[in-house]
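Worksheet: the structure to be examined is printed underneath.
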Amino acid sequence: MRKLMLISSGLLLLAAAPALSVPNPADLKAIAEVEDRRAPNDSRFITWLKSPEPAVRARAALALGRIGAPASLPLLETALKDAAPQVRAQACFAVGLVADSSALDALAPMIHDSDPAVRGRAAEGLSRLGTRRAGPVLAAALRDPAREVVWEALTGFWRVQDSSGVDNALPLLADPDPRTRRLAVYSLERSHSFRAPAAVRPLTADSDAGVRMWAVRAIGRMKDVLGEPELLTAMKDTSWQVRVNALGSLGQLADSSRGPAVIEALKDPSPYVRRAAVDALGAMRFFGASPALAAMSADSVDAVRASAGAALVRVTGKSGYVAARKFLGDNSDYVKSITMDALAEVKAPDAWTYAAWAVENAGPRLRSSSLGYFGELKDGHGMPAVIKALEGKDELVAGNAADVIGDSGDTLRVDELVNFYDRWNGVEHAEARLSAVNAVSKLWPKHVVPFLYRALKDSDRRVRAAAAAGLKAAGEPAVPESVLKEPLGATARPGWFGKSATDLPERARVRTTRGDIAIQLERDLSPNTVANFADLAAKGYFNGIHWHRVVPNFVVQAGDPHGDGQGGPGYTIRCEMNPLGYETGRVGMALSGKDTGGSQFFITQSPQPHLNGRYTIFGRVLTGMDVVDRLDVDDRILGVELY
């Protein structure tokens with residue numbers, strides 16, 4: 001089931017800065033084309049990395065990182081020794097994108113480079129290698145004289161989840177710079193150090209709201225039950241973001257004795273805080289909250305009612321269907337679908353009649369949630385409705401039905417899944433065929449293997465890869481690597497080649513039912529993604545689309561015409577990871593795996609460093625963050641203007 005998810009420091013600007021000399025446009029075009037083909041073995045990389053133009057060498061290194069093949073590490077290790085800081089910095093970033101622990105010995109010395117931009121990118125790259133052996137190197141970087149390097153090292157410790165940097169990180173909690181204090185808290189929340197909780201608690205009263213926001217979050221992440229008094233105080237903070245995080249942490253600690261205090265937050269003027277409060281009550285399984293949660297069915301905000309319905313189900317357990325009936329009768333499909341998701345979670349046995357009705361009669365979002373309910377229940381009651389959905393005309397809902405059948409273990413349904421695969425044979429229907437192959441691979445009658453061999457000829461690489469995985473699980477010989485390579489799929493959108501980034505729009509104005517959001521587009525760093533977004537906007541694709549996903553103090557997400565997070569434009573685009581970081585107001589491309597972007601995008605409501613290098617950043621909010629912070633599920637995009 002496919003569901004999708006700034007203030008630049010001097011370091012980032014240096015790492016992405018162009019060379020002073022003018023590179024050969026033909027070289028840059030060729031590098032972009034090879035990158036788009038994901039072809040790390042192209043012999044021209046050797047030539048490009050020896051180019052007299054630093055910009056060409058840096059661009060070649062970035063391309064190798066974006067491709068992400070471990071076989072390219074020897075070339076990147078050569079680029080780490082380049083005379084130009086710009087190239088060394090880009091090579092450090094690229095090695096991190098490859099994320100192979102064997103590169104540790106080559107990358108570790110870069111933490112002592114003479115250029116702070118290189119040292120910062122080295123710290124980031126080291127933290128992406130997937131090994132805690134990077135910890136001691138990052139610990140040394142915490143004493144770097146360049147603040148930007150320290151920031152990257154602190155962020156890196158969060159990734160490696162290592163305690164070797166605790167001694168150097170703790171003093172930074174008192175640093176005069178709020179960003180340093182914030183990232184110090186961030187680094188400690190996954191350090192597993194017994195000293196971290198007591199050191200972080202005082203920062204819940206920090207003068208900076210961003211520091212307080214992360215400190216109260218850390219209490220929950222560290223399971224610091226002694227920090228509950230600080231969380232109760234933070235529930236009354238002047239910042240809604242601090243209040244949201246405090247309630248989230250109380251939910252993580254799941255101490256039901258705090259339930260009465262959390263109930264008071266149901267009166268908060270911020271709908272985001274009310275959502276966080278009902279979510280916390282549901283996580284606590286505080287049964288005493290049932291009357292208060294039931295009363296939230298009258299809240300004016302759809303998302304609050306949806307969370308309340310789900311929370312009520314969680315606190316009432318298997319009898320949740322009776323308790324939540326009022327939410328299942330709500331006017332909003334979103335409220336009903338989130339409530340149904342919770343009924344699936346608790347496996348409420350008496351909701352199947354409603355779910356069967358919804359699968360046949362409701363909108364796509366509720367139909368998918370109801371199919372998910374049958375997938376969790378696994379009692380056979382819903383199979384007639386599931387088969388009917390499999391035969392329906394909505395590709396994504398039908399794909400969800402295939403997922404349910406695959407998880408059911410019902411080998412008698414294999415022929416229906418094979419027929420489903422054949423019915424969705426158009427190049428634009430790869431998602432449906434992928435669901436079919438994944439489902440069939442879980443069921444093992446004798447004639448499954450021939451079908452999987454047939455699926456190895458599919459036009460989409462993802463489907464071929466799924467078939468290969470199924471054959472491997474069935475004990476068949478390994479599929480040749482050549483079968484799994486290009487093309488990515490007939491639905492892959494060609495990249496942006498041979499034109500200047502200045503041919504792309506510089507800005508976009510997203511008009512919503514809450515107001516306008518002006519976005520600066522990162523056309524130099526992410527031209528393919530910007531070109532795709534601009535093309536869709538010019539066609540009116542986004543007009544009328546809802547913000548289908550809003551996670552308070554995290555992201556708001558839109559761009560799905562299907563309305564439930566599973567839809568897209570019918571094709572995919574390549575990822576363009578770049579050195580920018582996910583600070584507040586960054587615009588990123590949502591994915592369900594590498595190179596699966598399309599039309600869904602998100603905007604961050606607060607810094608989210610864990611997203612760095614994982615999702616393409618292609619814009620930043622210039623004006624309208626107040627609008628972003630008011631958006632909620634089912635608010636709409638009225639149109640997108642380019643200028």
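A note on labels: chains of the structure tokens are A, B, ... as shown, every chain counts residues from 1, and ligands are counted from 1 in their shown order.
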
Counting only C-alpha atoms, which residues of range 538-642 of chain A sit at most 12 Å from some atom of range 367-372 of chain A, and what is each one's closest atom pair with its distance in Å to one decimal, listed by chain and rising residue number, as CSV?
```
residue,atom,partner,partner_atom,distance
A:His562,CA,A:Ser368,CA,11.1
A:Gly563,CA,A:Ser368,CA,11.1
A:Asp564,CA,A:Ser368,CA,8.5
A:Gly565,CA,A:Ser368,CA,10.7
A:Gln566,CA,A:Ser368,CA,9.8
```

Please save N, CA, C and O atoms of the selected residues as a PDB file, in the first residue's frame.
```pdb
ATOM      1  N   HIS A 562      -6.008  11.478  -5.518  1.00  0.00           N
ATOM      2  CA  HIS A 562      -6.822  10.388  -4.972  1.00  0.00           C
ATOM      3  C   HIS A 562      -7.344  10.741  -3.590  1.00  0.00           C
ATOM      4  O   HIS A 562      -8.354  10.189  -3.140  1.00  0.00           O
ATOM      5  N   GLY A 563      -6.632  11.623  -2.901  1.00  0.00           N
ATOM      6  CA  GLY A 563      -7.119  12.147  -1.631  1.00  0.00           C
ATOM      7  C   GLY A 563      -6.751  11.372  -0.391  1.00  0.00           C
ATOM      8  O   GLY A 563      -7.133  11.763   0.711  1.00  0.00           O
ATOM      9  N   ASP A 564      -6.007  10.264  -0.526  1.00  0.00           N
ATOM     10  CA  ASP A 564      -5.705   9.468   0.667  1.00  0.00           C
ATOM     11  C   ASP A 564      -4.217   9.179   0.842  1.00  0.00           C
ATOM     12  O   ASP A 564      -3.829   8.354   1.661  1.00  0.00           O
ATOM     13  N   GLY A 565      -3.381   9.846   0.065  1.00  0.00           N
ATOM     14  CA  GLY A 565      -1.946   9.649   0.195  1.00  0.00           C
ATOM     15  C   GLY A 565      -1.379   8.577  -0.704  1.00  0.00           C
ATOM     16  O   GLY A 565      -0.177   8.313  -0.679  1.00  0.00           O
ATOM     17  N   GLN A 566      -2.211   7.954  -1.530  1.00  0.00           N
ATOM     18  CA  GLN A 566      -1.737   6.875  -2.393  1.00  0.00           C
ATOM     19  C   GLN A 566      -1.633   7.282  -3.859  1.00  0.00           C
ATOM     20  O   GLN A 566      -1.089   6.531  -4.668  1.00  0.00           O
TER      21      GLN A 566
END
```

### Task
Would you please extract all helix (DSSP H, G or I) residues from range 479-567 of chain A, as assigned by DSSP on the backbone, and give them as an MDAnalysis selection string?
chainID A and resid 481:484 501:503 527:538

### Query
Near Gln557 in chain A, counting only C-alpha atoms, which residues have an atom at most 12 Å away, once you skip same-chain residues fewer than 5 positions from it, shown as a PyMOL selection string?
chain A and resi 3-5+545-552+563-565+586-591+599-605+628+631-637

The selected residues should be written to file as an mmCIF file, in the first residue's frame (atoms: N, CA and C atoms).
```cif
data_model
loop_
_atom_site.group_PDB
_atom_site.id
_atom_site.type_symbol
_atom_site.label_atom_id
_atom_site.label_comp_id
_atom_site.auth_asym_id
_atom_site.auth_seq_id
_atom_site.Cartn_x
_atom_site.Cartn_y
_atom_site.Cartn_z
ATOM 1 N N LYS A 3 1.947 4.824 0.626
ATOM 2 C CA LYS A 3 1.574 6.046 1.322
ATOM 3 C C LYS A 3 2.803 6.952 1.431
ATOM 4 N N LEU A 4 2.654 8.075 1.000
ATOM 5 C CA LEU A 4 3.751 8.998 1.071
ATOM 6 C C LEU A 4 3.711 9.834 2.409
ATOM 7 N N MET A 5 6.345 11.338 2.181
ATOM 8 C CA MET A 5 6.307 11.984 3.607
ATOM 9 C C MET A 5 7.238 12.877 2.768
ATOM 10 N N ILE A 545 -7.091 20.219 -5.059
ATOM 11 C CA ILE A 545 -6.556 19.091 -4.291
ATOM 12 C C ILE A 545 -6.488 19.449 -2.809
ATOM 13 N N HIS A 546 -6.762 18.465 -1.968
ATOM 14 C CA HIS A 546 -6.772 18.672 -0.520
ATOM 15 C C HIS A 546 -5.383 18.467 0.085
ATOM 16 N N TRP A 547 -5.180 19.077 1.222
ATOM 17 C CA TRP A 547 -4.025 18.747 2.060
ATOM 18 C C TRP A 547 -4.431 17.476 2.811
ATOM 19 N N HIS A 548 -3.999 16.345 2.302
ATOM 20 C CA HIS A 548 -4.514 15.069 2.817
ATOM 21 C C HIS A 548 -3.796 14.595 4.076
ATOM 22 N N ARG A 549 -2.639 15.187 4.350
ATOM 23 C CA ARG A 549 -1.865 14.752 5.526
ATOM 24 C C ARG A 549 -1.329 15.970 6.254
ATOM 25 N N VAL A 550 -1.686 16.106 7.518
ATOM 26 C CA VAL A 550 -1.168 17.184 8.359
ATOM 27 C C VAL A 550 -0.769 16.561 9.694
ATOM 28 N N VAL A 551 0.512 16.608 9.995
ATOM 29 C CA VAL A 551 1.025 16.104 11.272
ATOM 30 C C VAL A 551 1.527 17.315 12.045
ATOM 31 N N PRO A 552 0.803 17.763 13.065
ATOM 32 C CA PRO A 552 1.157 19.005 13.758
ATOM 33 C C PRO A 552 2.613 19.060 14.197
ATOM 34 N N GLY A 563 -6.632 11.623 -2.901
ATOM 35 C CA GLY A 563 -7.119 12.147 -1.631
ATOM 36 C C GLY A 563 -6.751 11.372 -0.391
ATOM 37 N N ASP A 564 -6.007 10.264 -0.526
ATOM 38 C CA ASP A 564 -5.705 9.468 0.667
ATOM 39 C C ASP A 564 -4.217 9.179 0.842
ATOM 40 N N GLY A 565 -3.381 9.846 0.065
ATOM 41 C CA GLY A 565 -1.946 9.649 0.195
ATOM 42 C C GLY A 565 -1.379 8.577 -0.704
ATOM 43 N N ARG A 586 10.712 24.333 4.672
ATOM 44 C CA ARG A 586 11.295 23.677 3.509
ATOM 45 C C ARG A 586 10.219 22.879 2.768
ATOM 46 N N VAL A 587 10.318 22.887 1.445
ATOM 47 C CA VAL A 587 9.365 22.166 0.601
ATOM 48 C C VAL A 587 10.071 20.945 0.042
ATOM 49 N N GLY A 588 9.540 19.759 0.298
ATOM 50 C CA GLY A 588 10.179 18.518 -0.123
ATOM 51 C C GLY A 588 9.244 17.637 -0.920
ATOM 52 N N MET A 589 9.825 16.691 -1.642
ATOM 53 C CA MET A 589 9.078 15.746 -2.459
ATOM 54 C C MET A 589 8.802 14.479 -1.646
ATOM 55 N N ALA A 590 7.538 14.100 -1.538
ATOM 56 C CA ALA A 590 7.166 12.887 -0.811
ATOM 57 C C ALA A 590 7.510 11.660 -1.646
ATOM 58 N N LEU A 591 7.871 10.568 -0.970
ATOM 59 C CA LEU A 591 8.302 9.344 -1.641
ATOM 60 C C LEU A 591 7.685 8.119 -0.982
ATOM 61 N N SER A 599 3.870 13.788 -7.581
ATOM 62 C CA SER A 599 3.169 15.056 -7.386
ATOM 63 C C SER A 599 2.993 15.423 -5.925
ATOM 64 N N GLN A 600 3.167 14.478 -5.024
ATOM 65 C CA GLN A 600 2.958 14.782 -3.609
ATOM 66 C C GLN A 600 4.173 15.528 -3.042
ATOM 67 N N PHE A 601 3.893 16.607 -2.347
ATOM 68 C CA PHE A 601 4.951 17.405 -1.728
ATOM 69 C C PHE A 601 4.532 17.777 -0.321
ATOM 70 N N PHE A 602 5.508 18.195 0.485
ATOM 71 C CA PHE A 602 5.215 18.573 1.865
ATOM 72 C C PHE A 602 5.991 19.819 2.234
ATOM 73 N N ILE A 603 5.522 20.486 3.286
ATOM 74 C CA ILE A 603 6.184 21.669 3.835
ATOM 75 C C ILE A 603 6.403 21.420 5.327
ATOM 76 N N THR A 604 7.615 21.659 5.809
ATOM 77 C CA THR A 604 7.912 21.420 7.221
ATOM 78 C C THR A 604 7.432 22.584 8.083
ATOM 79 N N GLN A 605 6.842 22.249 9.222
ATOM 80 C CA GLN A 605 6.394 23.267 10.171
ATOM 81 C C GLN A 605 7.446 23.587 11.220
ATOM 82 N N VAL A 628 0.769 28.113 6.541
ATOM 83 C CA VAL A 628 1.185 26.715 6.701
ATOM 84 C C VAL A 628 0.804 26.208 8.086
ATOM 85 N N LEU A 631 -2.986 25.299 8.300
ATOM 86 C CA LEU A 631 -3.562 24.283 7.424
ATOM 87 C C LEU A 631 -3.942 23.037 8.202
ATOM 88 N N ASP A 632 -5.017 22.409 7.772
ATOM 89 C CA ASP A 632 -5.399 21.140 8.359
ATOM 90 C C ASP A 632 -5.982 20.248 7.281
ATOM 91 N N VAL A 633 -6.168 19.001 7.622
ATOM 92 C CA VAL A 633 -6.666 18.019 6.661
ATOM 93 C C VAL A 633 -7.958 18.504 6.019
ATOM 94 N N ASP A 634 -8.009 18.357 4.713
ATOM 95 C CA ASP A 634 -9.158 18.714 3.874
ATOM 96 C C ASP A 634 -9.258 20.199 3.556
ATOM 97 N N ASP A 635 -8.339 21.037 4.056
ATOM 98 C CA ASP A 635 -8.189 22.354 3.435
ATOM 99 C C ASP A 635 -7.721 22.109 2.003
ATOM 100 N N ARG A 636 -8.022 23.035 1.109
ATOM 101 C CA ARG A 636 -7.754 22.789 -0.308
ATOM 102 C C ARG A 636 -6.747 23.773 -0.900
ATOM 103 N N ILE A 637 -6.100 23.320 -1.969
ATOM 104 C CA ILE A 637 -5.298 24.202 -2.816
ATOM 105 C C ILE A 637 -6.220 24.749 -3.900
#
```

### Task
Would you list the contacts of Ser72 in chain A as a PyMOL selection string, taking every protein, DNA or RNA residue within 8 Å and counting only C-alpha atoms, but skipping same-chain residues closer than 6 positions in sequence?
chain A and resi 40-41+64

#### Entry: Nearby residues (only C-alpha atoms) at most 12 Å from Phe451 in chain A, same-chain spacing under 4 positions excluded, as a PyMOL selection string
chain A and resi 414-415+417-419+421-422+436-438+440-441+443-447+455-458+464+467-468+470-471

Contacts of Ala26 in chain A within 10 Å, only C-alpha atoms, excl. fewer than 4 positions in-chain, as a tab-separated table (two decimals) with all heavy atoms, in the first residue's frame:
```tsv
chain	number	residue	atom	x	y	z
A	30	ALA	N	25.61	16.12	-19.93
A	30	ALA	CA	25.91	14.70	-20.01
A	30	ALA	C	25.89	14.04	-18.63
A	30	ALA	O	25.38	12.92	-18.45
A	30	ALA	CB	27.27	14.50	-20.67
A	31	ILE	N	26.44	14.74	-17.63
A	31	ILE	CA	26.43	14.20	-16.26
A	31	ILE	C	24.99	14.02	-15.78
A	31	ILE	O	24.64	12.99	-15.19
A	31	ILE	CB	27.21	15.12	-15.31
A	31	ILE	CG1	28.69	15.13	-15.67
A	31	ILE	CG2	27.02	14.68	-13.86
A	31	ILE	CD1	29.50	16.18	-14.94
A	32	ALA	N	24.16	15.02	-16.04
A	32	ALA	CA	22.76	14.93	-15.63
A	32	ALA	C	22.05	13.76	-16.30
A	32	ALA	O	21.24	13.06	-15.67
A	32	ALA	CB	22.04	16.24	-15.94
A	497	PHE	N	17.22	18.31	-19.10
A	497	PHE	CA	18.56	18.35	-19.67
A	497	PHE	C	18.67	19.44	-20.72
A	497	PHE	O	17.73	19.72	-21.45
A	497	PHE	CB	18.92	17.00	-20.32
A	497	PHE	CG	18.67	15.82	-19.47
A	497	PHE	CD1	17.96	14.74	-19.94
A	497	PHE	CD2	19.15	15.78	-18.17
A	497	PHE	CE1	17.73	13.64	-19.14
A	497	PHE	CE2	18.92	14.69	-17.36
A	497	PHE	CZ	18.21	13.61	-17.84
A	498	GLY	N	19.87	19.97	-20.85
A	498	GLY	CA	20.19	20.83	-21.97
A	498	GLY	C	19.62	22.23	-21.89
A	498	GLY	O	19.73	23.01	-22.82
```
